[in-house]
Structures are given as structure tokens and as C-alpha cells.
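Colleague: Just so it is clear, I am handing over final36.cif, which has mmCIF, C-alpha atoms.
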```cif
data_model
#
loop_
_atom_site.label_atom_id
_atom_site.label_comp_id
_atom_site.auth_asym_id
_atom_site.auth_seq_id
_atom_site.Cartn_x
_atom_site.Cartn_y
_atom_site.Cartn_z
CA MET Q 1 0.00 0.00 0.00
CA VAL Q 2 3.03 2.25 0.32
CA LEU Q 3 3.36 1.73 -3.42
CA ARG Q 4 -0.18 3.05 -3.94
CA ASN Q 5 0.67 6.25 -2.05
CA LEU Q 6 3.89 6.54 -4.00
CA ALA Q 7 2.01 6.03 -7.26
CA LEU Q 8 -0.52 8.74 -6.32
CA ARG Q 9 2.27 11.18 -5.50
CA PHE Q 10 4.12 10.32 -8.70
CA TYR Q 11 0.96 10.89 -10.71
CA ALA Q 12 0.14 14.22 -9.01
CA GLN Q 13 3.71 15.56 -9.27
CA MET Q 14 5.01 14.07 -12.53
CA ILE Q 15 2.22 12.84 -14.80
CA ARG Q 16 -0.63 15.28 -14.18
CA PRO Q 17 1.56 18.35 -14.89
CA GLN Q 18 2.08 16.89 -18.37
CA LEU Q 19 -1.69 16.55 -18.86
CA GLU Q 20 -2.42 20.07 -17.65
CA TYR Q 21 0.42 21.79 -19.52
CA GLY Q 22 -0.91 25.08 -20.89
CA ALA Q 23 -4.28 24.64 -19.16
CA ALA Q 24 -3.96 28.03 -17.45
CA ILE Q 25 -4.01 29.93 -20.75
CA CYS Q 26 -5.86 27.64 -23.16
CA PRO Q 27 -9.67 27.70 -23.50
CA PHE Q 28 -10.18 23.93 -23.80
CA THR Q 29 -13.20 22.57 -25.62
CA SER Q 30 -15.46 19.90 -24.13
CA ALA Q 31 -13.75 17.29 -26.32
CA ASN Q 32 -10.33 18.34 -24.99
CA ILE Q 33 -11.55 18.08 -21.39
CA LEU Q 34 -13.07 14.66 -22.07
CA ARG Q 35 -9.75 13.34 -23.38
CA LEU Q 36 -7.92 14.68 -20.34
CA GLU Q 37 -10.52 13.11 -18.02
CA LYS Q 38 -10.10 9.74 -19.75
CA ALA Q 39 -6.33 9.91 -19.38
CA GLN Q 40 -6.55 10.76 -15.68
CA ASN Q 41 -9.22 8.13 -15.02
CA THR Q 42 -7.05 5.47 -16.64
CA CYS Q 43 -4.14 6.36 -14.37
CA ILE Q 44 -6.28 6.41 -11.22
CA ARG Q 45 -7.95 3.08 -12.03
CA ARG Q 46 -4.55 1.45 -12.50
CA ILE Q 47 -3.31 2.83 -9.19
CA PHE Q 48 -6.34 1.49 -7.30
CA GLY Q 49 -6.55 -1.72 -9.30
CA GLY Q 50 -9.96 -0.98 -10.81
CA SER Q 51 -11.36 -2.22 -14.09
CA SER Q 52 -11.99 -0.03 -17.13
CA ARG Q 53 -15.63 0.35 -16.01
CA SER Q 54 -14.90 1.25 -12.38
CA SER Q 55 -16.16 4.63 -11.21
CA VAL Q 56 -13.34 6.97 -10.22
CA LYS Q 57 -15.40 9.43 -8.14
CA VAL Q 58 -14.57 7.81 -4.81
CA MET Q 59 -10.97 7.14 -5.88
CA LEU Q 60 -10.41 10.82 -6.71
CA HIS Q 61 -12.09 11.87 -3.46
CA MET Q 62 -9.93 9.52 -1.40
CA ALA Q 63 -6.77 10.67 -3.16
CA ASP Q 64 -7.73 14.37 -2.84
CA LEU Q 65 -7.49 14.88 -6.60
CA PRO Q 66 -9.88 17.12 -8.59
CA SER Q 67 -11.26 16.17 -11.97
CA MET Q 68 -9.40 17.64 -14.94
CA LYS Q 69 -12.31 20.00 -15.58
CA GLU Q 70 -12.03 21.33 -12.04
CA ARG Q 71 -8.24 21.46 -12.27
CA CYS Q 72 -8.30 23.52 -15.48
CA ALA Q 73 -10.79 25.97 -13.98
CA ILE Q 74 -8.65 26.36 -10.85
CA LEU Q 75 -5.43 26.88 -12.83
CA GLN Q 76 -7.06 29.49 -15.06
CA ALA Q 77 -8.56 31.33 -12.09
CA LYS Q 78 -5.16 31.42 -10.36
CA TYR Q 79 -3.52 32.71 -13.52
CA ILE Q 80 -6.09 35.48 -13.98
CA LEU Q 81 -5.86 36.48 -10.32
CA ARG Q 82 -2.08 36.65 -10.37
CA SER Q 83 -2.06 38.60 -13.62
CA HIS Q 84 -3.99 41.40 -11.93
CA HIS Q 85 -1.42 41.68 -9.12
CA LEU Q 86 1.77 41.91 -11.17
CA PRO Q 87 4.19 44.89 -10.87
CA ASN Q 88 3.32 47.89 -12.97
CA ASP Q 89 6.34 47.38 -15.23
CA ALA Q 90 5.56 43.70 -15.97
CA LEU Q 91 5.00 42.90 -19.64
CA LEU Q 92 1.54 41.39 -19.08
CA THR Q 93 0.51 44.47 -17.06
CA LEU Q 94 1.58 46.76 -19.90
CA LEU Q 95 -0.34 44.60 -22.40
CA HIS Q 96 -3.55 44.56 -20.34
CA PRO Q 97 -5.15 47.57 -22.07
CA TYR Q 98 -4.73 45.83 -25.43
CA ILE Q 99 -5.62 42.24 -24.59
CA GLN Q 100 -8.68 43.28 -22.56
CA ASP Q 101 -10.11 45.10 -25.56
CA PRO Q 102 -12.83 42.90 -27.17
CA SER Q 103 -11.67 43.98 -30.61
CA SER Q 104 -8.26 42.39 -30.01
CA LYS Q 105 -9.85 38.90 -30.14
CA SER Q 106 -7.29 37.83 -27.56
CA THR Q 107 -7.46 34.32 -26.11
CA TYR Q 108 -6.64 35.91 -22.75
CA PHE Q 109 -9.71 38.13 -23.06
CA SER Q 110 -12.01 35.15 -23.62
CA ILE Q 111 -10.52 33.32 -20.66
CA ASP Q 112 -10.53 36.38 -18.39
CA HIS Q 113 -14.27 36.96 -18.84
CA LYS Q 114 -15.41 33.34 -18.53
CA VAL Q 115 -13.06 31.52 -16.21
CA LEU Q 116 -13.94 33.26 -12.97
CA ASN Q 117 -17.61 32.39 -13.33
CA LYS Q 118 -16.64 28.80 -14.18
CA CYS Q 119 -14.37 28.61 -11.18
CA ILE Q 120 -17.09 29.91 -8.85
CA GLN Q 121 -19.49 27.31 -10.24
CA THR Q 122 -16.86 24.57 -9.87
CA LEU Q 123 -16.10 25.50 -6.27
CA HIS Q 124 -19.82 25.50 -5.52
CA GLU Q 125 -20.05 21.98 -6.95
CA LEU Q 126 -17.09 20.90 -4.81
CA GLN Q 127 -18.95 22.02 -1.70
CA GLN Q 128 -21.74 19.58 -2.54
CA PRO Q 129 -19.84 16.49 -3.77
CA HIS Q 130 -21.99 13.79 -2.21
CA GLN Q 131 -25.48 14.48 -3.52
CA ASN Q 132 -25.47 12.16 -6.54
CA SER Q 133 -23.46 9.21 -5.23
CA LYS Q 134 -24.24 6.81 -2.40
CA LEU Q 135 -20.60 5.77 -2.19
CA LEU Q 136 -19.40 9.37 -1.99
CA SER Q 137 -22.01 10.18 0.63
CA ALA Q 138 -20.44 7.51 2.86
CA CYS Q 139 -16.94 9.05 2.55
CA ARG Q 140 -15.33 11.72 4.68
CA THR Q 141 -16.81 15.14 4.02
CA SER Q 142 -13.44 16.88 4.26
CA ILE Q 143 -11.49 17.13 1.01
CA SER Q 144 -8.14 15.64 1.97
CA LEU Q 145 -6.13 12.46 1.52
CA ASP Q 146 -8.14 9.68 3.13
CA PRO Q 147 -6.27 8.32 6.20
CA ILE Q 148 -7.08 4.79 5.00
CA LEU Q 149 -4.36 5.30 2.38
CA TRP Q 150 -1.54 6.07 4.82
CA LEU Q 151 -2.36 4.96 8.38
CA PRO Q 152 -0.24 2.00 9.57
CA MET Q 153 -1.95 -1.30 8.76
CA THR Q 154 -1.21 -4.44 6.80
CA SER Q 155 -1.76 -4.56 3.05
CA GLU Q 156 -4.72 -6.93 3.56
CA GLU Q 157 -6.38 -4.63 6.11
CA ARG Q 158 -5.90 -1.57 3.89
CA SER Q 159 -7.14 -3.40 0.82
CA ARG Q 160 -10.35 -4.42 2.58
CA CYS Q 161 -10.97 -0.88 3.83
CA ILE Q 162 -10.46 0.53 0.34
CA ARG Q 163 -12.68 -2.11 -1.27
CA TRP Q 164 -15.43 -1.31 1.24
CA ARG Q 165 -15.06 2.38 0.35
CA LEU Q 166 -15.25 1.66 -3.38
CA GLY Q 167 -18.23 -0.68 -3.04
CA TRP Q 168 -16.22 -3.72 -4.17
CA LEU Q 169 -17.01 -5.32 -0.83
CA PRO Q 170 -19.44 -6.94 -0.47
CA GLY Q 171 -20.10 -6.73 -4.24
CA GLY Q 172 -23.87 -7.18 -4.26
CA HIS Q 173 -24.65 -7.90 -7.91
CA SER Q 174 -24.30 -11.66 -8.25
CA ASN Q 175 -22.78 -12.91 -5.00
CA PHE Q 176 -25.04 -14.71 -2.56
CA CYS Q 177 -24.51 -14.74 1.19
CA PHE Q 178 -22.72 -17.85 2.47
CA HIS Q 179 -25.00 -17.96 5.53
CA HIS Q 180 -28.17 -17.12 3.54
CA PRO Q 181 -27.80 -18.81 0.13
CA THR Q 182 -30.98 -17.27 -1.28
CA THR Q 183 -30.04 -13.70 -0.36
CA ILE Q 184 -27.75 -11.48 -2.43
CA MET Q 185 -24.88 -10.08 -0.41
CA THR Q 186 -25.66 -6.36 -0.65
CA LYS Q 187 -24.10 -3.83 1.68
CA GLN Q 188 -27.32 -3.54 3.67
CA HIS Q 189 -27.54 -7.32 4.05
CA ALA Q 190 -23.88 -7.48 5.10
CA ILE Q 191 -24.52 -4.86 7.80
CA GLN Q 192 -27.38 -6.94 9.17
CA CYS Q 193 -25.85 -10.38 8.64
CA LEU Q 194 -22.58 -9.50 10.39
CA GLN Q 195 -24.39 -7.54 13.13
CA MET Q 196 -22.22 -4.49 12.56
CA HIS Q 197 -24.22 -2.16 14.79
CA GLN Q 198 -23.86 -4.41 17.80
CA ARG Q 199 -20.22 -5.35 17.20
CA LEU Q 200 -19.16 -1.77 16.53
CA MET Q 201 -21.33 -0.40 19.35
CA MET Q 202 -23.05 2.06 17.05
CA PRO Q 203 -26.69 3.23 17.22
CA ILE Q 204 -29.12 1.63 14.79
CA SER Q 205 -29.99 5.08 13.42
CA ILE Q 206 -26.63 5.15 11.58
CA LEU Q 207 -27.27 3.34 8.31
CA ASP Q 208 -23.63 2.45 7.59
CA PRO Q 209 -21.79 2.09 10.92
CA LEU Q 210 -18.60 0.76 9.31
CA SER Q 211 -18.17 3.72 6.95
CA ASN Q 212 -19.09 6.07 9.79
CA LEU Q 213 -16.21 4.77 11.90
CA LEU Q 214 -13.78 4.76 8.98
CA ASN Q 215 -14.61 8.45 8.54
CA GLN Q 216 -13.59 9.03 12.16
CA LEU Q 217 -10.19 7.37 11.93
CA PRO Q 218 -7.65 9.62 13.70
CA THR Q 219 -5.02 11.43 11.65
CA ARG Q 220 -2.69 11.68 14.66
CA PRO Q 221 -2.30 9.56 17.79
CA PRO Q 222 -5.17 10.58 20.08
CA ARG Q 223 -4.27 12.18 23.39
CA SER Q 224 -7.53 11.35 25.11
CA ALA Q 225 -7.47 8.07 27.03
CA VAL Q 226 -11.18 7.63 26.28
CA THR Q 227 -10.57 7.96 22.53
CA ARG Q 228 -7.65 5.54 22.65
CA GLN Q 229 -9.71 3.02 24.60
CA SER Q 230 -12.57 3.35 22.11
CA TRP Q 231 -10.31 2.57 19.15
CA THR Q 232 -8.66 -0.37 20.90
CA VAL Q 233 -12.10 -1.98 20.89
CA ARG Q 234 -13.57 -0.73 17.62
CA TRP Q 235 -10.60 -1.05 15.27
CA PRO Q 236 -10.13 -4.80 15.89
CA ALA Q 237 -13.89 -5.19 15.41
CA ILE Q 238 -13.65 -3.35 12.06
CA CYS Q 239 -10.77 -5.59 10.96
CA HIS Q 240 -12.63 -8.76 11.98
CA ILE Q 241 -15.80 -7.68 10.17
CA LEU Q 242 -13.93 -6.90 6.95
CA TYR Q 243 -11.96 -10.16 7.30
CA GLU Q 244 -15.20 -12.12 7.51
CA LEU Q 245 -16.79 -10.12 4.71
CA ASP Q 246 -13.82 -10.73 2.42
CA HIS Q 247 -14.19 -14.49 2.87
CA LEU Q 248 -17.97 -14.39 2.46
CA PHE Q 249 -17.50 -12.41 -0.76
CA HIS Q 250 -15.48 -15.36 -2.12
CA GLY Q 251 -18.07 -17.88 -0.92
CA LEU Q 252 -15.93 -19.16 1.96
CA ASN Q 253 -16.70 -19.75 5.59
CA PRO Q 254 -14.29 -17.42 7.46
CA PRO Q 255 -11.61 -19.34 9.38
CA PRO Q 256 -10.35 -18.03 12.75
CA PRO Q 257 -8.46 -14.77 12.07
CA ASP Q 258 -4.87 -14.03 13.00
CA PRO Q 259 -4.68 -12.76 16.62
CA SER Q 260 -2.57 -9.82 15.45
CA LEU Q 261 -5.32 -8.52 13.15
CA GLY Q 262 -5.37 -4.72 13.48
CA TYR Q 263 -2.20 -4.64 15.56
CA ALA Q 264 -0.29 -2.07 13.46
CA LEU Q 265 -2.82 0.72 13.95
CA LEU Q 266 -3.33 -0.15 17.62
CA GLN Q 267 0.42 0.14 18.18
CA TRP Q 268 0.33 3.56 16.49
CA ILE Q 269 -2.61 4.69 18.65
CA CYS Q 270 -1.22 3.29 21.92
CA PRO Q 271 2.54 2.69 21.50
CA GLY Q 272 3.94 -0.16 23.57
CA GLN Q 273 0.62 -1.41 24.95
CA PHE Q 274 -0.08 -4.31 22.56
CA LEU Q 275 3.20 -6.20 22.32
CA VAL Q 276 1.83 -9.15 24.27
CA LEU Q 277 -0.84 -9.74 21.63
CA ILE Q 278 1.64 -11.20 19.16
CA GLY Q 279 4.29 -12.41 21.57
CA PHE Q 280 6.81 -9.57 21.49
#
```
Write out the structure in this file as C-alpha cells.
Modeller:
Amino acid sequence: MVLRNLALRFYAQMIRPQLEYGAAICPFTSANILRLEKAQNTCIRRIFGGSSRSSVKVMLHMADLPSMKERCAILQAKYILRSHHLPNDALLTLLHPYIQDPSSKSTYFSIDHKVLNKCIQTLHELQQPHQNSKLLSACRTSISLDPILWLPMTSEERSRCIRWRLGWLPGGHSNFCFHHPTTIMTKQHAIQCLQMHQRLMMPISILDPLSNLLNQLPTRPPRSAVTRQSWTVRWPAICHILYELDHLFHGLNPPPPDPSLGYALLQWICPGQFLVLIGF
């Protein structure tokens, strides 16, 4: 999973700048934007291991990456804003009277008058990212790198968390529940079948208790003893639930899990308090 983070950083710092070259000054057409979106989506799917038909909305949200349409609008808005705060003797400042004249037919003029409205509209859409997607509505509301991608945990634990986020667990289209052979293993059935509310100690009013807790994962070791104690109970429960769900997804009866399941994050939350669990 370190490789996934490295791949995301490599994409954001090395590959995406090639895709967005000139985006700050070029008025792209819809066809241009569509090609850029396809290129970015291909990269993101490969990083997350998705198929060519996998939705990238949740992947982009987890990786804190905007769509190429949003990225172009942001770059153009930044360029326009900076151009109006240049020194008086800068070349672009001296050219402003000419390029802002409609008769000049300047590309800059067309961008200057349209991009700010587009950027405002884009930012407004970013403030309401979860309205049209059930999977996005279950993600963290803050736009930042999802802690699932970098918190200490094993590759299997991280993979299961990511697959739950992306809707790949439990699947739900053609897989039947191992314990209820006539029932399709949807997310709602998995929540009920594995008794997630009771095991995670969450109120029944929360429709998706597992996603709710994943959204609350700490981004730094908690100082509160109450918070630490809560996670020492809930994180192992999350790992056990996803472990069982992963086996049920493949039509297998879950064998007893490894006693050290969830240990890495527990050791990060409460350093030195869980060595006895795996015999250190």
C-alpha cells in the first residue's frame, strides 16, 4: 500500500503536470476536457486496481485529486488572479489595455471573462460532492487524503478498507450470502448479517456504521485516554468484520483470524501497549 501512495504522488507531481500543460491559458473545448478526463481516469484506475468500467469518483475523493475540468478551472482562475497583481512594469501588465479590448480577439480576453464564473461554479459543486453518489455520501466530508491510504496497517487490512469504500465489498450484484444462500450479499444485508451495529457499538440510526467509523479514523495519535480506549475496541472489530466479509465475498466460511489482526494501527494509537498480543 506504500506503493499506492507513491504512485498517487508520482501521478500528481510528474504525470498530471504533463496533462495540464498550458491549461492556465488555453480555453479547452469539451472534447479536450473529455480526453484529459479519460487519461486521468485510466491512471487512477490502474493505481487502485480498478477495471476499465470502475467509477473513479470515490478514488479521486480519497486521493484528494480534482477532476481535470475542475483542475483547469482552478489553474485558469489562479492565472487570472495573479495577472492582476503583477508589478506595474511587468509585460503582461503593460499589455492589459490591449488584450482586454474585445476587438483584439485575444485568447486571454475570452478566458478572463469566462473563467472566474466557471471557477465559482466549480467550487460550488465541490462544496456539494456527495449528492449524486451513495458511495461518496459515505466518505469523509473533508477534502483531503483519506487516512485509509496512509495509516499503519497491513496490506490486507488496507485493501479491505479501500474495497469497502469503493463498493467492491461486499459486491452485491451476483454474490449470494454464504450464511443465507438465497439472499444477495448487498451492503445492507452485510450490515445486518454480520451484526455491525452491535459489534461496533453504534446506534441503529446510523445506516452504515462501518463507513461512519472509517470516517472518524484519527489522523494523529489521540491524546484522550477515552478515545484511545474506544479505538482499541472498535478497530479490531472493524478488521474482523472486513476479514469475515472478504471471505464471504469469495463464498468461503471465514476461518479463525490471526490474533494480530489490526495490531499495526493499535500500536500507532497506543505505542507499547499491545506487544503481548503477538508475543513480542
Colleague: Taking the file as shown, what set of residues would the PyMOL selection byres ((chain Q and resi 187) around 9) give back, as a ChimeraX atom specification?
Modeller: /Q:167,169-172,185-186,188-192,208
Colleague: Give as a ChimeraX atom specification the set of residues within 10 Å of the point (-10.0, -2.5, 11.6), where distances use the file's coordinates and only C-alpha atoms.
Modeller: /Q:153,157-158,160-161,210,213-214,217,231-243,261-266
Colleague: Can you write out the residues you just picked, keeping C-alpha atoms, as a compact mmCIF listing (two decimals), in the coordinates of the input?
Modeller:
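Everything below was put into result27.txt:
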```txt
# COMPACT_ATOMS: atom_id res chain seq x y z
CA MET Q 153 -1.95 -1.30 8.76
CA GLU Q 157 -6.38 -4.63 6.11
CA ARG Q 158 -5.90 -1.57 3.89
CA ARG Q 160 -10.35 -4.42 2.58
CA CYS Q 161 -10.97 -0.88 3.83
CA LEU Q 210 -18.60 0.76 9.31
CA LEU Q 213 -16.21 4.77 11.90
CA LEU Q 214 -13.78 4.76 8.98
CA LEU Q 217 -10.19 7.37 11.93
CA TRP Q 231 -10.31 2.57 19.15
CA THR Q 232 -8.66 -0.37 20.90
CA VAL Q 233 -12.10 -1.98 20.89
CA ARG Q 234 -13.57 -0.73 17.62
CA TRP Q 235 -10.60 -1.05 15.27
CA PRO Q 236 -10.13 -4.80 15.89
CA ALA Q 237 -13.89 -5.19 15.41
CA ILE Q 238 -13.65 -3.35 12.06
CA CYS Q 239 -10.77 -5.59 10.96
CA HIS Q 240 -12.63 -8.76 11.98
CA ILE Q 241 -15.80 -7.68 10.17
CA LEU Q 242 -13.93 -6.90 6.95
CA TYR Q 243 -11.96 -10.16 7.30
CA LEU Q 261 -5.32 -8.52 13.15
CA GLY Q 262 -5.37 -4.72 13.48
CA TYR Q 263 -2.20 -4.64 15.56
CA ALA Q 264 -0.29 -2.07 13.46
CA LEU Q 265 -2.82 0.72 13.95
CA LEU Q 266 -3.33 -0.15 17.62
```
Colleague: So, counting all atoms listed in the file, which residue among Q:Val226, Q:Leu19, Q:Cys193, Q:Leu34 is closest to Leu245 of chain Q?
Modeller: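 The shortest atom-to-atom distance to Leu245 of chain Q comes from Q:Cys193.
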Colleague: For Tyr11 of chain Q, list every protein, DNA or RNA residue within 10 Å, evaluated using all atoms listed in the file, and leave out those in the same chain fewer than 5 positions away; present the list as a PyMOL selection string.
Modeller: chain Q and resi 5-6+16-18+40+43-44+47
Colleague: What's the separation between atom CA of Ile269 of chain Q and atom CA of Pro221 of chain Q, in Å to one decimal place?
Modeller: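 Atom-to-atom, atom CA of Ile269 of chain Q to atom CA of Pro221 of chain Q, that is 5.0 Å.
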Colleague: To verify the selection step, state as a list in words which residues the PyMOL selection byres ((chain Q and resi 68) around 10) yields on this input.
Modeller: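 That selection, the PyMOL selection byres ((chain Q and resi 68) around 10), comes back as Arg16, Leu19, Glu20, Ala23, Ile33, Leu34, Arg35, Leu36, Glu37, Lys38, Ala39, Gln40, Asn41, Leu65, Pro66, Ser67, Lys69, Glu70, Arg71, Cys72, Ala73 and Ile74 of chain Q.
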Colleague: Give me, please, the distance in Å between atom CA of Leu81 of chain Q and atom CA of His61 of chain Q, quoted to one decimal.
Modeller: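 Atom CA of Leu81 of chain Q sits 26.3 Å away from atom CA of His61 of chain Q.
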Colleague: Hey, can you check how far atom CA of Arg140 of chain Q sits from atom CA of Leu8 of chain Q?
Modeller: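 Atom-to-atom, atom CA of Arg140 of chain Q to atom CA of Leu8 of chain Q, that is 18.7 Å.
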Colleague: Could you check which of Q:Thr154, Q:Ser103, Q:Gln13, Q:Ser137 is closest to Ser211 of chain Q, using only C-alpha atoms?
Modeller: Q:Ser137
Colleague: When you look at Arg223 of chain Q with a cut-off of 12 Å (counting all atoms listed in the file), what residues show up, excluding the ones that are within fewer than 6 positions of it in the same chain? I need them as a list in words.
Modeller: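 Counting all atoms listed in the file, the residues come to Gln229, Trp268, Ile269, Cys270 and Pro271 of chain Q.
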Colleague: For Leu207 of chain Q, which residue among Q:Leu252, Q:Cys177, Q:Leu194, Q:Ala138 is the nearest when counting only C-alpha atoms?
Modeller: Q:Ala138
Colleague: Choose the residue, out of Q:Leu60, Q:Ile25, Q:Ala31, Q:Ile162, that has the smallest atom-to-atom separation from Leu149 of chain Q; count all atoms listed in the file.
Modeller: Q:Ile162
Colleague: Quick one: of Q:Arg199, Q:Arg163, Q:His85, Q:Lys78, who's nearest to Phe48 of chain Q, counting only C-alpha atoms?
Modeller: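 Answer, going by the shortest atom-to-atom distance: Q:Arg163.
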